[in-house]
>>> print(open('coords.tsv').read())   # TSV, C-alpha atoms
chain	number	residue	atom	x	y	z
A	1	MET	CA	187.12	-10.82	190.17
A	2	LEU	CA	184.03	-9.01	188.89
A	3	ASN	CA	183.64	-7.10	192.17
A	4	LYS	CA	187.25	-6.03	191.99
A	5	THR	CA	186.78	-4.79	188.44
A	6	ILE	CA	183.70	-2.80	189.43
A	7	ALA	CA	185.49	-1.36	192.45
A	8	ILE	CA	188.39	-0.25	190.28
A	9	ALA	CA	185.97	1.26	187.78
A	10	LEU	CA	184.13	3.17	190.53
A	11	LEU	CA	187.38	4.38	192.04
A	12	SER	CA	188.69	5.60	188.70
A	13	ALA	CA	185.34	7.31	188.10
A	14	LEU	CA	185.60	9.15	191.42
A	15	LEU	CA	189.17	10.14	190.70
A	16	SER	CA	188.19	11.43	187.30
A	17	ALA	CA	185.19	13.37	188.64
A	18	PRO	CA	186.90	16.79	188.50
A	19	ALA	CA	187.51	16.33	184.79
A	20	LEU	CA	183.83	15.60	184.30
A	21	ALA	CA	182.68	18.54	186.41
A	22	LYS	CA	182.00	20.53	183.27
A	23	ASN	CA	179.94	17.84	181.67
A	24	TYR	CA	176.17	18.14	181.65
A	25	VAL	CA	173.24	15.86	181.03
A	26	ILE	CA	169.97	17.03	179.50
A	27	SER	CA	166.68	15.14	179.61
A	28	VAL	CA	165.08	15.34	176.17
A	29	ASN	CA	161.50	14.36	175.36
A	30	GLY	CA	161.01	12.07	172.37
A	31	ILE	CA	164.63	11.25	171.57
A	32	VAL	CA	164.09	7.52	171.08
A	33	CYS	CA	165.91	6.64	167.88
A	34	GLU	CA	169.39	6.65	166.39
A	35	PHE	CA	168.62	9.15	163.64
A	36	CYS	CA	166.98	11.41	166.28
A	37	ALA	CA	170.32	11.25	168.08
A	38	TYR	CA	172.22	12.01	164.88
A	39	GLY	CA	170.30	15.23	164.22
A	40	VAL	CA	170.53	16.52	167.77
A	41	SER	CA	174.24	15.67	168.08
A	42	LYS	CA	174.93	17.43	164.79
A	43	LYS	CA	173.37	20.64	166.11
A	44	ILE	CA	175.07	20.50	169.53
A	45	ARG	CA	178.55	19.90	168.06
A	46	LYS	CA	178.36	23.28	166.34
A	47	LEU	CA	178.24	25.12	169.69
A	48	PRO	CA	181.55	26.83	170.54
A	49	PHE	CA	181.70	25.63	174.16
A	50	ILE	CA	181.55	21.92	173.33
A	51	ASP	CA	184.71	19.88	173.90
A	52	PRO	CA	185.08	17.52	170.93
A	53	SER	CA	187.77	15.49	172.69
A	54	GLN	CA	185.20	13.84	174.96
A	55	TYR	CA	182.31	11.48	174.20
A	56	ASP	CA	181.57	11.28	170.46
A	57	GLN	CA	182.92	14.67	169.37
A	58	GLY	CA	181.57	16.25	172.57
A	59	VAL	CA	178.13	14.61	172.65
A	60	LYS	CA	176.67	11.30	173.74
A	61	VAL	CA	173.00	10.38	173.41
A	62	ASP	CA	171.39	7.73	175.60
A	63	ILE	CA	168.22	6.83	173.70
A	64	GLU	CA	167.29	4.23	176.32
A	65	ASN	CA	166.75	6.97	178.88
A	66	GLN	CA	166.22	10.00	176.60
A	67	LYS	CA	169.31	11.78	177.90
A	68	VAL	CA	171.94	13.82	176.07
A	69	PHE	CA	175.41	14.17	177.61
A	70	VAL	CA	177.54	17.12	176.57
A	71	ALA	CA	181.17	17.89	177.40
A	72	LEU	CA	182.26	21.50	177.87
A	73	ARG	CA	185.65	22.96	177.15
A	74	GLU	CA	187.72	23.71	180.27
A	75	ASP	CA	187.77	27.42	179.52
A	76	ALA	CA	184.12	27.74	178.47
A	77	LEU	CA	180.89	28.58	180.23
A	78	LEU	CA	177.65	26.76	179.58
A	79	ASP	CA	175.17	28.71	177.48
A	80	LYS	CA	171.99	26.90	178.46
A	81	SER	CA	169.69	28.78	176.10
A	82	ALA	CA	171.98	28.09	173.12
A	83	LEU	CA	172.16	24.43	174.10
A	84	PHE	CA	168.38	24.10	174.43
A	85	GLU	CA	167.91	25.97	171.17
A	86	ALA	CA	170.28	23.55	169.43
A	87	ILE	CA	168.29	20.56	170.71
A	88	GLU	CA	165.01	22.16	169.62
A	89	SER	CA	166.43	22.89	166.17
A	90	GLY	CA	167.33	19.20	166.06
A	91	GLY	CA	163.63	18.44	166.43
A	92	TYR	CA	163.25	17.54	170.10
A	93	ASP	CA	162.21	19.09	173.42
A	94	PRO	CA	164.77	19.55	176.22
A	95	ILE	CA	163.22	19.39	179.69
A	96	ASP	CA	165.98	19.96	182.24
A	97	ILE	CA	169.73	20.01	182.64
A	98	HIS	CA	172.17	19.23	185.42
A	99	GLN	CA	175.85	18.56	185.85
A	100	VAL	CA	176.88	14.96	185.35
A	101	SER	CA	176.81	13.43	188.82
A	102	GLU	CA	179.44	11.11	190.21
A	103	SER	CA	177.07	8.16	189.87
A	104	GLU	CA	176.35	9.03	186.24
A	105	ALA	CA	180.07	9.43	185.62
A	106	ALA	CA	180.68	6.07	187.25
A	107	MET	CA	178.07	4.47	185.03
A	108	GLU	CA	179.81	5.93	182.00
A	109	VAL	CA	183.11	4.40	183.10
A	110	ILE	CA	181.51	0.99	183.69
A	111	GLU	CA	179.84	1.12	180.27
B	1	MET	CA	134.75	-8.59	151.52
B	2	LYS	CA	137.68	-7.04	149.71
B	3	PRO	CA	135.57	-4.66	147.61
B	4	ILE	CA	133.90	-3.53	150.83
B	5	LEU	CA	137.32	-2.71	152.28
B	6	PHE	CA	138.12	-0.67	149.22
B	7	VAL	CA	134.85	1.21	149.47
B	8	LEU	CA	135.70	1.95	153.09
B	9	PHE	CA	139.20	3.12	152.22
B	10	PHE	CA	138.20	5.30	149.37
B	11	THR	CA	135.17	6.91	150.87
B	12	LEU	CA	137.47	8.01	153.67
B	13	VAL	CA	139.95	9.51	151.22
B	14	SER	CA	138.70	11.86	148.60
B	15	ASN	CA	141.31	14.45	147.75
B	16	LEU	CA	144.57	13.40	149.33
B	17	TYR	CA	147.92	12.45	147.88
B	18	ALA	CA	150.67	10.27	149.28
B	19	HIS	CA	154.12	11.31	150.12
B	20	GLN	CA	156.20	8.68	151.81
B	21	PRO	CA	159.83	8.79	150.82
B	22	VAL	CA	162.43	6.65	152.54
B	23	MET	CA	163.29	9.80	154.40
B	24	ASP	CA	159.88	10.31	155.95
B	25	MET	CA	161.76	10.09	159.24
B	26	ALA	CA	164.68	12.37	158.41
B	27	PRO	CA	166.07	14.93	158.24
B	28	ARG	CA	164.03	16.32	161.10
B	29	TRP	CA	166.45	19.13	162.00
B	30	ASN	CA	166.59	22.77	160.90
B	31	ASN	CA	168.34	23.28	157.57
B	32	GLY	CA	168.76	19.54	157.09
B	33	TYR	CA	168.92	18.10	153.61
B	34	GLY	CA	169.19	14.74	151.96
B	35	VAL	CA	169.34	12.85	148.70
B	36	GLN	CA	168.30	9.35	147.90
B	37	THR	CA	167.73	7.00	145.04
B	38	ARG	CA	164.99	4.41	145.03
B	39	VAL	CA	164.53	1.60	142.54
B	40	GLU	CA	161.09	0.10	142.09
B	41	HIS	CA	160.28	-3.00	140.10
B	42	ALA	CA	156.64	-3.60	139.25
B	43	ASN	CA	154.56	-4.42	136.18
B	44	SER	CA	157.62	-5.96	134.48
B	45	GLU	CA	159.56	-2.71	134.45
B	46	SER	CA	161.93	-0.84	136.72
B	47	THR	CA	161.72	2.80	137.68
B	48	THR	CA	164.51	4.70	139.38
B	49	TRP	CA	163.50	7.65	141.49
B	50	LEU	CA	165.94	10.41	142.32
B	51	GLU	CA	164.76	12.31	145.35
B	52	GLY	CA	165.85	15.28	147.37
B	53	VAL	CA	164.60	16.82	150.59
B	54	TYR	CA	165.31	20.07	152.40
B	55	THR	CA	164.06	20.71	155.93
B	56	PHE	CA	163.60	24.39	156.71
B	57	LYS	CA	162.56	23.49	160.25
B	58	PRO	CA	161.02	20.34	161.75
B	59	SER	CA	157.55	21.54	160.81
B	60	LEU	CA	158.30	22.36	157.17
B	61	ARG	CA	160.12	20.46	154.43
B	62	MET	CA	160.31	20.55	150.67
B	63	THR	CA	160.85	17.48	148.51
B	64	LEU	CA	161.37	16.75	144.85
B	65	LYS	CA	161.05	13.30	143.30
B	66	VAL	CA	161.98	12.58	139.69
B	67	PRO	CA	161.29	9.16	138.09
B	68	HIS	CA	163.48	7.66	135.39
B	69	SER	CA	162.38	4.64	133.39
B	70	ASN	CA	163.30	3.10	130.02
B	71	GLY	CA	165.83	5.85	129.38
B	72	GLU	CA	163.31	8.62	129.87
B	73	ILE	CA	162.53	11.07	132.64
B	74	GLY	CA	158.96	10.94	133.90
B	75	ASP	CA	156.77	13.47	135.66
B	76	ALA	CA	158.45	15.01	138.70
B	77	ILE	CA	156.60	15.52	141.98
B	78	PHE	CA	157.22	18.54	144.17
B	79	ALA	CA	155.80	18.51	147.70
B	80	MET	CA	155.84	20.60	150.87
B	81	PRO	CA	155.31	18.33	153.90
B	82	ILE	CA	154.00	20.27	156.90
B	83	LYS	CA	154.41	18.40	160.16
B	84	SER	CA	153.32	18.90	163.72
B	85	TYR	CA	155.47	16.96	166.19
B	86	GLN	CA	154.60	15.83	169.68
B	87	ASN	CA	157.36	14.60	172.00
B	88	SER	CA	156.67	12.96	175.33
B	89	GLY	CA	159.17	10.87	177.30
B	90	ALA	CA	160.14	7.84	175.23
B	91	PHE	CA	157.59	8.58	172.51
B	92	THR	CA	157.50	10.87	169.51
B	93	SER	CA	154.75	11.31	166.95
B	94	ASN	CA	153.70	13.65	164.19
B	95	TRP	CA	150.77	14.59	162.03
B	96	GLY	CA	151.62	15.56	158.47
B	97	LEU	CA	149.77	17.42	155.77
B	98	THR	CA	151.48	17.35	152.39
B	99	PRO	CA	150.32	19.39	149.42
B	100	SER	CA	152.05	18.40	146.20
B	101	VAL	CA	152.08	18.91	142.47
B	102	ARG	CA	153.03	16.52	139.66
B	103	MET	CA	154.69	18.41	136.84
B	104	PRO	CA	154.74	17.34	133.17
B	105	THR	CA	158.54	17.00	132.99
B	106	GLY	CA	158.14	13.74	131.12
B	107	GLY	CA	156.35	15.38	128.23
B	108	GLY	CA	152.74	16.38	127.84
B	109	SER	CA	151.14	19.36	129.48
B	110	HIS	CA	149.00	17.92	132.23
B	111	TRP	CA	149.58	19.01	135.84
B	112	ASP	CA	148.12	17.20	138.82
B	113	ALA	CA	147.63	18.48	142.35
B	114	GLY	CA	147.71	16.19	145.35
B	115	LEU	CA	147.33	16.12	149.09
B	116	SER	CA	148.15	13.62	151.80
B	117	LEU	CA	147.34	13.34	155.47
B	118	SER	CA	149.64	11.20	157.57
B	119	TYR	CA	150.33	10.19	161.14
B	120	SER	CA	153.40	8.38	162.40
B	121	SER	CA	154.75	7.55	165.83
B	122	GLU	CA	157.80	5.91	167.25
B	123	SER	CA	158.83	4.60	170.65
B	124	ARG	CA	161.94	2.68	171.63
B	125	ASN	CA	160.55	-0.50	170.08
B	126	LEU	CA	157.57	0.32	167.87
B	127	TYR	CA	156.98	2.35	164.73
B	128	GLN	CA	153.77	3.02	162.83
B	129	LEU	CA	152.76	5.21	159.90
B	130	TYR	CA	149.39	5.83	158.28
B	131	ASP	CA	149.10	7.89	155.11
B	132	ILE	CA	145.96	8.61	153.08
B	133	TYR	CA	146.37	10.45	149.84
B	134	ALA	CA	145.04	11.50	146.49
B	135	MET	CA	146.60	12.79	143.29
B	136	GLY	CA	144.95	13.10	139.92
B	137	ASP	CA	142.66	10.11	139.48
B	138	THR	CA	144.45	8.09	142.20
B	139	THR	CA	143.53	7.77	145.84
B	140	GLY	CA	145.08	5.42	148.34
B	141	ILE	CA	146.25	4.51	151.76
B	142	ASP	CA	149.65	3.37	152.98
B	143	ILE	CA	150.27	1.72	156.34
B	144	ASN	CA	153.61	0.72	157.90
B	145	PHE	CA	153.91	-0.76	161.35
B	146	GLY	CA	156.43	-2.91	163.16
B	147	LEU	CA	159.41	-3.20	165.42
B	148	VAL	CA	162.48	-1.01	165.96
B	149	HIS	CA	165.78	-2.49	167.07
B	150	ALA	CA	168.37	0.13	168.06
B	151	ASP	CA	171.88	-0.91	169.07
B	152	GLY	CA	172.58	2.27	171.06
B	153	LYS	CA	175.70	2.85	168.98
B	154	GLY	CA	174.29	4.80	166.08
B	155	SER	CA	172.42	2.24	164.04
B	156	SER	CA	168.95	0.76	164.07
B	157	TRP	CA	166.78	-1.70	162.16
B	158	PHE	CA	163.09	-1.37	161.45
B	159	THR	CA	161.26	-4.59	160.58
B	160	LEU	CA	157.89	-3.43	159.33
B	161	TRP	CA	154.81	-4.68	157.55
B	162	ASP	CA	153.39	-2.57	154.75
B	163	ILE	CA	149.83	-2.39	153.42
B	164	THR	CA	149.24	-0.27	150.34
B	165	ALA	CA	145.87	0.17	148.66
B	166	LYS	CA	145.20	2.26	145.56
B	167	ASP	CA	142.16	3.18	143.54
B	168	SER	CA	142.27	4.91	140.17
B	169	ASP	CA	140.38	5.05	136.91
B	170	SER	CA	142.17	1.85	135.85
B	171	GLY	CA	140.95	-0.15	138.87
B	172	GLN	CA	141.99	-1.10	142.36
B	173	HIS	CA	144.80	-3.09	143.93
B	174	LEU	CA	145.98	-3.96	147.40
B	175	LEU	CA	149.63	-4.81	148.09
B	176	SER	CA	151.14	-6.07	151.30
B	177	GLY	CA	154.49	-7.33	152.46
B	178	PRO	CA	157.58	-6.87	154.61
B	179	VAL	CA	159.79	-3.79	154.76
B	180	LEU	CA	163.30	-3.60	156.19
B	181	VAL	CA	164.80	-0.20	157.03
B	182	TYR	CA	168.34	0.33	158.30
B	183	PHE	CA	169.81	3.53	159.72
B	184	LYS	CA	173.48	4.10	160.41
B	185	ARG	CA	174.22	7.67	161.44
B	186	ASN	CA	173.18	9.57	158.29
B	187	LEU	CA	172.77	6.58	155.97
B	188	ILE	CA	169.32	5.13	155.35
B	189	LEU	CA	168.51	1.92	153.48
B	190	ARG	CA	165.06	0.57	152.74
B	191	ALA	CA	164.10	-2.70	151.05
B	192	GLU	CA	160.56	-3.93	150.55
B	193	TYR	CA	158.61	-6.66	148.84
B	194	LYS	CA	154.86	-6.49	148.43
B	195	PHE	CA	152.61	-9.13	146.96
B	196	ALA	CA	149.33	-8.36	145.24
B	197	ALA	CA	146.70	-9.44	147.74
B	198	TYR	CA	143.96	-8.00	145.56
B	199	ASP	CA	144.29	-6.95	141.95
B	200	ASP	CA	141.48	-5.62	139.83
B	201	ASP	CA	143.54	-3.00	138.07
B	202	LYS	CA	144.23	-3.15	134.34
B	203	ASN	CA	147.43	-1.11	134.84
B	204	TRP	CA	148.79	-3.26	137.67
B	205	HIS	CA	150.06	-6.83	137.45
B	206	GLY	CA	151.82	-8.86	140.11
B	207	ASP	CA	154.21	-8.08	142.90
B	208	TYR	CA	156.39	-5.12	143.82
B	209	PHE	CA	160.06	-4.86	144.79
B	210	GLY	CA	161.64	-1.68	146.04
B	211	PHE	CA	165.07	-0.66	147.29
B	212	GLY	CA	166.22	2.76	148.42
B	213	ILE	CA	169.43	4.30	149.70
B	214	GLY	CA	169.68	7.80	151.08
B	215	LEU	CA	172.01	10.17	152.87
B	216	VAL	CA	170.98	13.05	155.10
B	217	TYR	CA	173.07	15.94	156.37
>>> encode(input="coords.tsv", output="structure tokens")
Amino acid sequence: MLNKTIAIALLSALLSAPALAKNYVISVNGIVCEFCAYGVSKKIRKLPFIDPSQYDQGVKVDIENQKVFVALREDALLDKSALFEAIESGGYDPIDIHQVSESEAAMEVIE
Amino acid sequence: MKPILFVLFFTLVSNLYAHQPVMDMAPRWNNGYGVQTRVEHANSESTTWLEGVYTFKPSLRMTLKVPHSNGEIGDAIFAMPIKSYQNSGAFTSNWGLTPSVRMPTGGGSHWDAGLSLSYSSESRNLYQLYDIYAMGDTTGIDINFGLVHADGKGSSWFTLWDITAKDSDSGQHLLSGPVLVYFKRNLILRAEYKFAAYDDDKNWHGDYFGFGIGLVY
């Protein structure tokens, strides 16, 4: 039963991959606490290319792994420098960014 | 043994002043601000502090603390915490230098200058803060350390132990006890109880209770 549930979750994640193609994940040094996450999320949500309909108003912070997930609007382009600047103004140091992979998307679905 | 500890503490700190509001940890972001109220009960009387903070950028804040006791406003303290942050993987830390001034808003005409030097760090599970300070005739040290429990959904608990030592013209005392801090998004609560482990201070008698609630934006 559990295997079937996981299989369904993985399948739905794969099917939903195109919708997540414009989502990105940023590794951020030092973002270990909930109020760290609050400040960074607050800054990122103000960016015009963020899609507030996904995650928590466009942003999700994984403090276990020091990662910040952002969702982009369908019609918007990523402005990496603005995004990194927003994280820095939130008090933390972004290291790198990449598109949310299928495995990361699948993990989100399972969560 | 205890007097030796005090000598050690207070030879290390000569001209520093403490600044450790509930919001030592936040707001850490550019143009962040917050307000909080903190009620302290000690020496058979209660004091309510009204406090505000504005963060220009993570490295520079400004704070104002105004005490209110027995229907009267006391001397307000204005401070400018300057912080240097270091972030590395699942670890963040900062050094802080806080110049401050105590203003005679409660009457009188005496101004006091102060300075504090602090260090704090936080990982996924541990938090620690060390603060040495001086203002007027008072010098002291404040230590918080303990565990962090984050739920990954926007809230976290800090279960800490506090050690506070002060020396002034009226004598010396050392307080210690548990501290509980709760964060939920932009809400911060702090409750603490400290017992007098050492008391040779004619202006200090017994234990301390404190409770604070703050909001940051």
>>> interface_residues(input="coords.tsv", of="chain B", to="chain A", cutoff="6 Å", atoms="all atoms listed in the file", output="list in words")
Arg28, Trp29, Asn30, Pro58, Asn87, Ser88, Gly89, Ala90, Phe91, Thr92, Arg124, Gly154, Ser155 and Arg185 of chain B
>>> residues_around(input="coords.tsv", residues="Phe158 in chain B", least_positions_apart="2", cutoff="7 Å", atoms="all atoms listed in the file", output="number ranges by chain")
B: 147-149, 156, 160, 180-182
>>> write_last_selection(input="coords.tsv", atoms="C-alpha atoms", output="compact mmCIF listing (two decimals), in the frame of the given file")
# COMPACT_ATOMS: atom_id res chain seq x y z
CA LEU B 147 159.41 -3.20 165.42
CA VAL B 148 162.48 -1.01 165.96
CA HIS B 149 165.78 -2.49 167.07
CA SER B 156 168.95 0.76 164.07
CA LEU B 160 157.89 -3.43 159.33
CA LEU B 180 163.30 -3.60 156.19
CA VAL B 181 164.80 -0.20 157.03
CA TYR B 182 168.34 0.33 158.30
>>> atom_distance(input="coords.tsv", atom1="CA of Pro178 in chain B", atom2="CA of Ser121 in chain B")
18.5 Å
>>> atom_distance(input="coords.tsv", atom1="CA of Ile50 in chain A", atom2="CA of Arg73 in chain A")
5.7 Å
>>> atom_distance(input="coords.tsv", atom1="CA of Ile132 in chain B", atom2="CA of Val101 in chain B")
16.0 Å
>>> residues_around(input="coords.tsv", residues="Gly212 in chain B", least_positions_apart="2", cutoff="12 Å", atoms="all atoms listed in the file", output="JSON list (two decimals) with C-alpha atoms, in the frame of the given file")
[["chain", "number", "residue", "atom", "x", "y", "z"],
["B", 21, "PRO", "CA", 159.83, 8.79, 150.82],
["B", 22, "VAL", "CA", 162.43, 6.65, 152.54],
["B", 23, "MET", "CA", 163.29, 9.80, 154.40],
["B", 35, "VAL", "CA", 169.34, 12.85, 148.70],
["B", 36, "GLN", "CA", 168.30, 9.35, 147.90],
["B", 37, "THR", "CA", 167.73, 7.00, 145.04],
["B", 38, "ARG", "CA", 164.99, 4.41, 145.03],
["B", 39, "VAL", "CA", 164.53, 1.60, 142.54],
["B", 40, "GLU", "CA", 161.09, 0.10, 142.09],
["B", 41, "HIS", "CA", 160.28, -3.00, 140.10],
["B", 47, "THR", "CA", 161.72, 2.80, 137.68],
["B", 48, "THR", "CA", 164.51, 4.70, 139.38],
["B", 49, "TRP", "CA", 163.50, 7.65, 141.49],
["B", 50, "LEU", "CA", 165.94, 10.41, 142.32],
["B", 51, "GLU", "CA", 164.76, 12.31, 145.35],
["B", 179, "VAL", "CA", 159.79, -3.79, 154.76],
["B", 180, "LEU", "CA", 163.30, -3.60, 156.19],
["B", 181, "VAL", "CA", 164.80, -0.20, 157.03],
["B", 182, "TYR", "CA", 168.34, 0.33, 158.30],
["B", 183, "PHE", "CA", 169.81, 3.53, 159.72],
["B", 187, "LEU", "CA", 172.77, 6.58, 155.97],
["B", 188, "ILE", "CA", 169.32, 5.13, 155.35],
["B", 189, "LEU", "CA", 168.51, 1.92, 153.48],
["B", 190, "ARG", "CA", 165.06, 0.57, 152.74],
["B", 191, "ALA", "CA", 164.10, -2.70, 151.05],
["B", 192, "GLU", "CA", 160.56, -3.93, 150.55],
["B", 209, "PHE", "CA", 160.06, -4.86, 144.79],
["B", 210, "GLY", "CA", 161.64, -1.68, 146.04],
["B", 214, "GLY", "CA", 169.68, 7.80, 151.08],
["B", 215, "LEU", "CA", 172.01, 10.17, 152.87]]
>>> residues_around(input="coords.tsv", residues="range 74-76 of chain A", least_positions_apart="4", cutoff="9 Å", atoms="all atoms listed in the file", output="compact mmCIF listing (two decimals) with C-alpha atoms, in the frame of the given file")
# COMPACT_ATOMS: atom_id res chain seq x y z
CA ALA A 19 187.51 16.33 184.79
CA LYS A 22 182.00 20.53 183.27
CA PRO A 48 181.55 26.83 170.54
CA PHE A 49 181.70 25.63 174.16
CA ILE A 50 181.55 21.92 173.33
CA ASP A 51 184.71 19.88 173.90
>>> residues_around(input="coords.tsv", residues="Val216 in chain B", least_positions_apart="5", cutoff="8 Å", atoms="all atoms listed in the file", output="PDB file with C-alpha atoms, keeping the file's coordinate frame")
ATOM      1  CA  ALA B  26     164.680  12.370 158.410  1.00  0.00           C
ATOM      2  CA  PRO B  27     166.070  14.930 158.240  1.00  0.00           C
ATOM      3  CA  GLY B  32     168.760  19.540 157.090  1.00  0.00           C
ATOM      4  CA  TYR B  33     168.920  18.100 153.610  1.00  0.00           C
ATOM      5  CA  GLY B  34     169.190  14.740 151.960  1.00  0.00           C
ATOM      6  CA  VAL B  35     169.340  12.850 148.700  1.00  0.00           C
ATOM      7  CA  ASN B 186     173.180   9.570 158.290  1.00  0.00           C
ATOM      8  CA  LEU B 187     172.770   6.580 155.970  1.00  0.00           C
TER       9      LEU B 187
END
>>> residues_around(input="coords.tsv", residues="Phe69 in chain A", least_positions_apart="2", cutoff="7 Å", atoms="all atoms listed in the file", output="short mmCIF file (atom, residue, chain, number, x, y, z; two decimals) with C-alpha atoms, in the frame of the given file")
data_model
loop_
_atom_site.label_atom_id
_atom_site.label_comp_id
_atom_site.auth_asym_id
_atom_site.auth_seq_id
_atom_site.Cartn_x
_atom_site.Cartn_y
_atom_site.Cartn_z
CA TYR A 24 176.17 18.14 181.65
CA VAL A 25 173.24 15.86 181.03
CA ILE A 26 169.97 17.03 179.50
CA VAL A 59 178.13 14.61 172.65
CA LYS A 60 176.67 11.30 173.74
CA VAL A 61 173.00 10.38 173.41
CA LYS A 67 169.31 11.78 177.90
CA ALA A 71 181.17 17.89 177.40
#
>>> residues_near_point(input="coords.tsv", point="(149.1, 11.9, 158.2)", cutoff="7 Å", atoms="only C-alpha atoms", output="number ranges by chain")
B: 95-97, 116-120, 130-132
>>> closest_residue(input="coords.tsv", among="B:Ser176, B:Asn70, B:Thr105, B:Thr164", to="Ser46 in chain B", atoms="only C-alpha atoms")
B:Asn70
>>> decode(input="coords.tsv", residues="range 52-67 of chain A", atoms="N, CA and C atoms", output="compact mmCIF listing (two decimals), in the first residue's frame")
# COMPACT_ATOMS: atom_id res chain seq x y z
N PRO A 52 2.86 34.09 -6.35
CA PRO A 52 2.37 33.87 -4.98
C PRO A 52 1.39 32.71 -4.84
N SER A 53 0.99 32.13 -6.00
CA SER A 53 0.01 31.04 -5.90
C SER A 53 0.67 29.71 -5.54
N GLN A 54 2.01 29.67 -5.61
CA GLN A 54 2.70 28.43 -5.26
C GLN A 54 3.43 28.57 -3.92
N TYR A 55 3.81 27.44 -3.36
CA TYR A 55 4.50 27.40 -2.07
C TYR A 55 3.74 28.26 -1.05
N ASP A 56 4.51 28.94 -0.17
CA ASP A 56 3.89 29.86 0.79
C ASP A 56 4.05 31.27 0.22
N GLN A 57 3.08 31.70 -0.54
CA GLN A 57 3.12 33.00 -1.25
C GLN A 57 4.38 33.10 -2.12
N GLY A 58 4.71 32.00 -2.79
CA GLY A 58 5.80 32.02 -3.78
C GLY A 58 7.14 31.55 -3.27
N VAL A 59 7.26 31.31 -1.96
CA VAL A 59 8.56 30.97 -1.37
C VAL A 59 8.40 29.81 -0.40
N LYS A 60 9.40 28.94 -0.38
CA LYS A 60 9.44 27.90 0.65
C LYS A 60 10.89 27.78 1.11
N VAL A 61 11.09 27.77 2.43
CA VAL A 61 12.45 27.68 2.96
C VAL A 61 12.62 26.34 3.68
N ASP A 62 13.66 25.62 3.28
CA ASP A 62 14.00 24.34 3.91
C ASP A 62 15.21 24.59 4.81
N ILE A 63 14.93 24.84 6.11
CA ILE A 63 16.04 25.17 7.01
C ILE A 63 16.87 23.94 7.38
N GLU A 64 16.34 22.75 7.13
CA GLU A 64 17.12 21.53 7.37
C GLU A 64 18.32 21.47 6.44
N ASN A 65 18.09 21.92 5.20
CA ASN A 65 19.14 21.79 4.18
C ASN A 65 19.63 23.14 3.66
N GLN A 66 19.20 24.22 4.30
CA GLN A 66 19.60 25.59 3.91
C GLN A 66 19.30 25.86 2.44
N LYS A 67 18.07 25.57 2.04
CA LYS A 67 17.65 25.82 0.66
C LYS A 67 16.38 26.67 0.64
